[in-house]
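Worksheet: one structure, shown below.
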Amino acid sequence: MATYIKKGKSEQELQETSEKVQEAVAGIIKDIEANGDKAVRELSVQFDKWSPDSFRLTDEQIRDVVESVDDSVKEDIKFAQKQIRFFAQKQRESMKDIEVETIPGVTLGHKNIPVNSVGCYIPGGRYPMVASSHMSILTAKVAGVKRVIACTPPINGEIPLATVTAMHLAGADEIYILGGVQAMTAMAVGTETMDSVDMIVGPGNAFVAEAKRQLFGKVGIDLLAGPTETLVIADETADGEMIATDLLGQGEHGPTSPGALITTSEKMAEDTLKEIDRQLEVLPTADIARISWEDYGTILLVDSLEEAVVEADKLAYEHVEILTKDPDYFLENMTNYGALFLGPETNVAYGDKVIGTNHTLPTQKAAKYTGGLWVGKYIKTVTYQKATPEASVEIGEYAERLCELEGFMGHKEQASLRVRRYKK
């Protein structure tokens with residue numbers, strides 16, 4: 001039976017916070033829809049103290065930014081982008097168009113068509129999220145999207161140089177220094193100076209995730225990617241130092257980032273708690289990580305690996321690290337997660353920054369019904385059909401009867417017209 005050694009905030013507390021976010025985001029979206037660029041500028045000043053002549057960077061500005069960044073930084077960015085591009089290309093190659101003759105004279109098929117335009121959000125705030133440039137912009141380009149625009153906020157009133165460099169190297173067609181809900185909304189609905197897109201993607205805080213939720217329908221979205229979530233599943237073969245390091249390392253994303261440990265070992269739970277206390281005394285980002293752990297940290301003691309799978313699937317966390325004797329057991333049996341990190345040799349930071357899988361992943365239990373961002377998210381799989389006259393008669397006679405069965409007489413006549421016209 002599963003036993004909680006530590007629990008985070010209650011569902012009721014989380015819901016109260018969520019309702020406040022929903023109200024704030026709805027007001028911002030309404031303001032931008034009504035007032036366009038004027039609202040965007042006022043919101044940028046309010047939230048980021050940022051009001052340039054133009055939010056869009058010129059080609060000359062981008063060139064100057066890229067030239068100002070150290071070559072070593074650019075090489076690191078290029079290495080990461082090489083890994084992400086390679087894996088994305090292999091994913092794209094796995095998506096095949098098909099055409100098949102189902103019965104003589106009836107041909108059905110599907111085509112994989114990229115969406116025409118995408119807006120990518122690259123988070124900033126406390127940290128310049130350079131890697132998000134690779135994950136969204138580059139992946140969209142591999143998918144074949146024609147127009148990819150990207151927004152990232154200023155950091156302390158300055159253009160984030162490394163982020164803009166990564167955005168450019170990833171293939172962004174337009175780059176805007178604009179953050180938060182105002183960026184997502186401007187991309188989705190358009191303004192006087194920014195043409196709207198067909199789809200918005202990218203991770204962000206609770207406000208950005210809520211903006212995507214409310215804008216869905218006006219545009220497509222990749223998924224609801226809110227505050228990062230990290231689950232470690234460990235048995236007696238793990239060690240508390242590694243577990244604590246990996247939980248706190250992700251907790252530094254923000255004060256609302258949940259971290260959880262599911263373990264079959266009570267000693268491992270105790271060791272982890274001691275290590276967390278020790279590391280919080282020396283971690284440079286402990287001011288954030290401490291709050292996320294105290295408010296959102298969970299430790300669950302289970303009797304078996306089978307029970308660990310059950311509890312992990314209930315949580316449906318974004319990142320799941322497996323620190324057990326047989327990591328592949330969870331690869332074979334778990335169903336609800338954004339990404340698995342199998343064994344102590346890998347970790348969430350690898351996935352976040354460089355190894356090649358995408359770091360935009362489902363949160364808030366969305367892993368129960370969707371995976372993360374990949375080339376397929378930018379692709380519309382659309383179907384088509386064609387038939388010979390003889391096949392149209394055969395299908396039409398079935399359609400007549402089935403339409404009449406449901407009372408759709410107009411539908412029936414569509415079939416009957418073909419039967420009369422093509423029947424010999």
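Residue numbering restarts at 1 in every chain; chains get A, B, ... in the order shown in the structure tokens, and ligands count up from 1 in that same order.
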Compile a residue-level contact table for range 7-110 of chain A against range 115-132 of chain A at a cut-off of 12 Å, reporting for every qualifying residue the shortest atom pair and its distance in Å to one decimal, with only C-alpha atoms counted, rows ordered by chain and ascending number, as CSV.
```
residue,atom,partner,partner_atom,distance
A:Phe47,CA,A:Gly125,CA,10.4
A:Asp48,CA,A:Gly125,CA,8.9
A:Val73,CA,A:Val130,CA,10.8
A:Lys74,CA,A:Val130,CA,11.2
A:Asp76,CA,A:Ala131,CA,10.7
A:Ile77,CA,A:Ala131,CA,8.1
A:Lys78,CA,A:Ala131,CA,10.8
A:Phe79,CA,A:Ala131,CA,11.4
A:Ala80,CA,A:Ala131,CA,8.1
A:Gln81,CA,A:Ala131,CA,8.6
A:Gln83,CA,A:Ala131,CA,11.8
A:Ile84,CA,A:Ala131,CA,10.0
```
Would you list the contacts of Val148 in chain A as a list in words, taking every protein, DNA or RNA residue within 8 Å and counting only C-alpha atoms, but skipping same-chain residues closer than 2 positions in sequence?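 The filter keeps Ser117, Val118, Gly119, Cys120, Ile137, Ala140, Lys141, Val145, Lys146, Ala150, Gly171, Ala172, Asp173 and Glu174 of chain A.
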Spatial neighbours of Ala186 in chain A, 8 Å, only C-alpha atoms, chain gap at least 2 places, as a PDB file with N, CA and C atoms, in the first residue's frame:
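Output file result_17.pdb follows:
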```pdb
ATOM      1  N   ILE A  32      -5.756  42.725 -25.814  1.00  0.00           N
ATOM      2  CA  ILE A  32      -4.988  42.699 -27.067  1.00  0.00           C
ATOM      3  C   ILE A  32      -5.909  42.530 -28.268  1.00  0.00           C
ATOM      4  N   GLY A  36      -4.854  45.730 -29.951  1.00  0.00           N
ATOM      5  CA  GLY A  36      -3.695  45.409 -30.773  1.00  0.00           C
ATOM      6  C   GLY A  36      -2.360  45.847 -30.207  1.00  0.00           C
ATOM      7  N   VAL A  40      -0.328  45.570 -26.498  1.00  0.00           N
ATOM      8  CA  VAL A  40       0.908  44.795 -26.389  1.00  0.00           C
ATOM      9  C   VAL A  40       2.019  45.646 -25.780  1.00  0.00           C
ATOM     10  N   GLN A 182       1.241  38.347 -23.469  1.00  0.00           N
ATOM     11  CA  GLN A 182       1.111  39.296 -24.581  1.00  0.00           C
ATOM     12  C   GLN A 182       1.772  38.763 -25.847  1.00  0.00           C
ATOM     13  N   ALA A 183       2.872  38.026 -25.704  1.00  0.00           N
ATOM     14  CA  ALA A 183       3.526  37.431 -26.874  1.00  0.00           C
ATOM     15  C   ALA A 183       2.663  36.332 -27.474  1.00  0.00           C
ATOM     16  N   MET A 184       2.159  35.443 -26.626  1.00  0.00           N
ATOM     17  CA  MET A 184       1.326  34.341 -27.120  1.00  0.00           C
ATOM     18  C   MET A 184       0.080  34.878 -27.821  1.00  0.00           C
ATOM     19  N   ALA A 188      -1.087  34.703 -31.809  1.00  0.00           N
ATOM     20  CA  ALA A 188      -2.313  33.958 -32.114  1.00  0.00           C
ATOM     21  C   ALA A 188      -3.348  34.792 -32.850  1.00  0.00           C
ATOM     22  N   VAL A 189      -3.561  36.038 -32.416  1.00  0.00           N
ATOM     23  CA  VAL A 189      -4.644  36.843 -32.996  1.00  0.00           C
ATOM     24  C   VAL A 189      -4.134  37.887 -33.978  1.00  0.00           C
ATOM     25  N   GLY A 190      -2.828  38.181 -33.930  1.00  0.00           N
ATOM     26  CA  GLY A 190      -2.254  39.179 -34.818  1.00  0.00           C
ATOM     27  C   GLY A 190      -2.468  40.598 -34.313  1.00  0.00           C
ATOM     28  N   THR A 191      -1.598  41.490 -34.748  1.00  0.00           N
ATOM     29  CA  THR A 191      -1.733  42.921 -34.444  1.00  0.00           C
ATOM     30  C   THR A 191      -1.424  43.682 -35.724  1.00  0.00           C
ATOM     31  N   MET A 194       2.154  42.480 -36.526  1.00  0.00           N
ATOM     32  CA  MET A 194       2.496  41.060 -36.478  1.00  0.00           C
ATOM     33  C   MET A 194       1.354  40.255 -37.074  1.00  0.00           C
ATOM     34  N   SER A 196      -0.842  37.059 -37.739  1.00  0.00           N
ATOM     35  CA  SER A 196      -1.161  35.909 -36.900  1.00  0.00           C
ATOM     36  C   SER A 196      -0.622  34.625 -37.516  1.00  0.00           C
TER      37      SER A 196
END
```
Among the residues A:Pro389, A:Gly220, A:Gly202, A:Gly240, the one that comes closest to Pro362 in chain A [using only C-alpha atoms]: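 Closest candidate: A:Gly202.
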Option closest in space to Gly351 in chain A, from A:Met135, A:Asn205, A:Ala289, A:Pro227 [counting only C-alpha atoms]: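 Between A:Met135, A:Asn205, A:Ala289, A:Pro227, the residue approaching Gly351 in chain A most closely is A:Met135.
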Quick one: residues within 10 Å of Ala387 in chain A, only C-alpha atoms, excluding same-chain residues fewer than 2 positions away - as a list in words? Glu101, Ile103, Pro104, Gly105, Val106, Thr107, Leu108, Gln385, Pro389, Glu390, Ala391, Ser392, Val393 and Ile395 of chain A
Check the DSSP output for the backbone and give back, as a ChimeraX atom specification, the residues of range 80-289 of chain A in strand (DSSP E or B). /A:98-103,106-114,117-121,147-152,155,158,174-177,199-201,216,219-221,230-234,259-263
Hey, which bits of range 276-388 of chain A sit within 9 Å of range 90-95 of chain A, and for each residue what's the closest pair of atoms and how far apart in Å (one decimal), counting only C-alpha atoms, rows by chain and increasing number, as a tab-separated table?
```
residue	atom	partner	partner_atom	distance
A:Trp374	CA	A:Gln91	CA	7.8
A:Val375	CA	A:Arg92	CA	6.1
A:Gly376	CA	A:Arg92	CA	7.1
```
List the neighbours of Leu223 in chain A out to 10 Å using only C-alpha atoms; skip same-chain residues closer than 5 positions along the sequence, and give me the result as number ranges by chain. A: 200-203, 209, 212-213, 216, 360-363, 366-367, 370-373, 377
Convert the current residue selection to file output with C-alpha atoms, as a short mmCIF file (atom, residue, chain, number, x, y, z; two decimals), in the first residue's frame.
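Output contents, as saved in result_36.cif:
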```cif
data_model
loop_
_atom_site.label_atom_id
_atom_site.label_comp_id
_atom_site.auth_asym_id
_atom_site.auth_seq_id
_atom_site.Cartn_x
_atom_site.Cartn_y
_atom_site.Cartn_z
CA ILE A 200 1.42 28.50 -31.17
CA VAL A 201 3.90 26.28 -29.34
CA GLY A 202 6.45 26.29 -26.57
CA PRO A 203 6.78 25.92 -22.80
CA ALA A 209 0.13 27.67 -20.38
CA LYS A 212 -2.46 28.64 -24.79
CA ARG A 213 -5.49 26.94 -23.25
CA PHE A 216 -6.87 27.14 -28.48
CA THR A 360 8.44 20.59 -24.46
CA LEU A 361 6.38 17.94 -22.69
CA PRO A 362 2.91 17.47 -21.19
CA THR A 363 2.24 18.62 -17.61
CA ALA A 366 -1.88 15.80 -19.88
CA ALA A 367 0.50 12.86 -20.34
CA THR A 370 -0.77 13.25 -25.31
CA GLY A 371 2.95 13.07 -25.80
CA GLY A 372 5.35 15.98 -26.11
CA LEU A 373 6.27 18.33 -28.92
CA LYS A 377 2.67 18.09 -33.83
#
```
Determine the nearest neighbour of Gly217 in chain A from the options A:Leu231, A:Met1, A:Val348, A:Met199, counting only C-alpha atoms.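 Ranked by minimum distance to Gly217 in chain A, first place goes to A:Met199.
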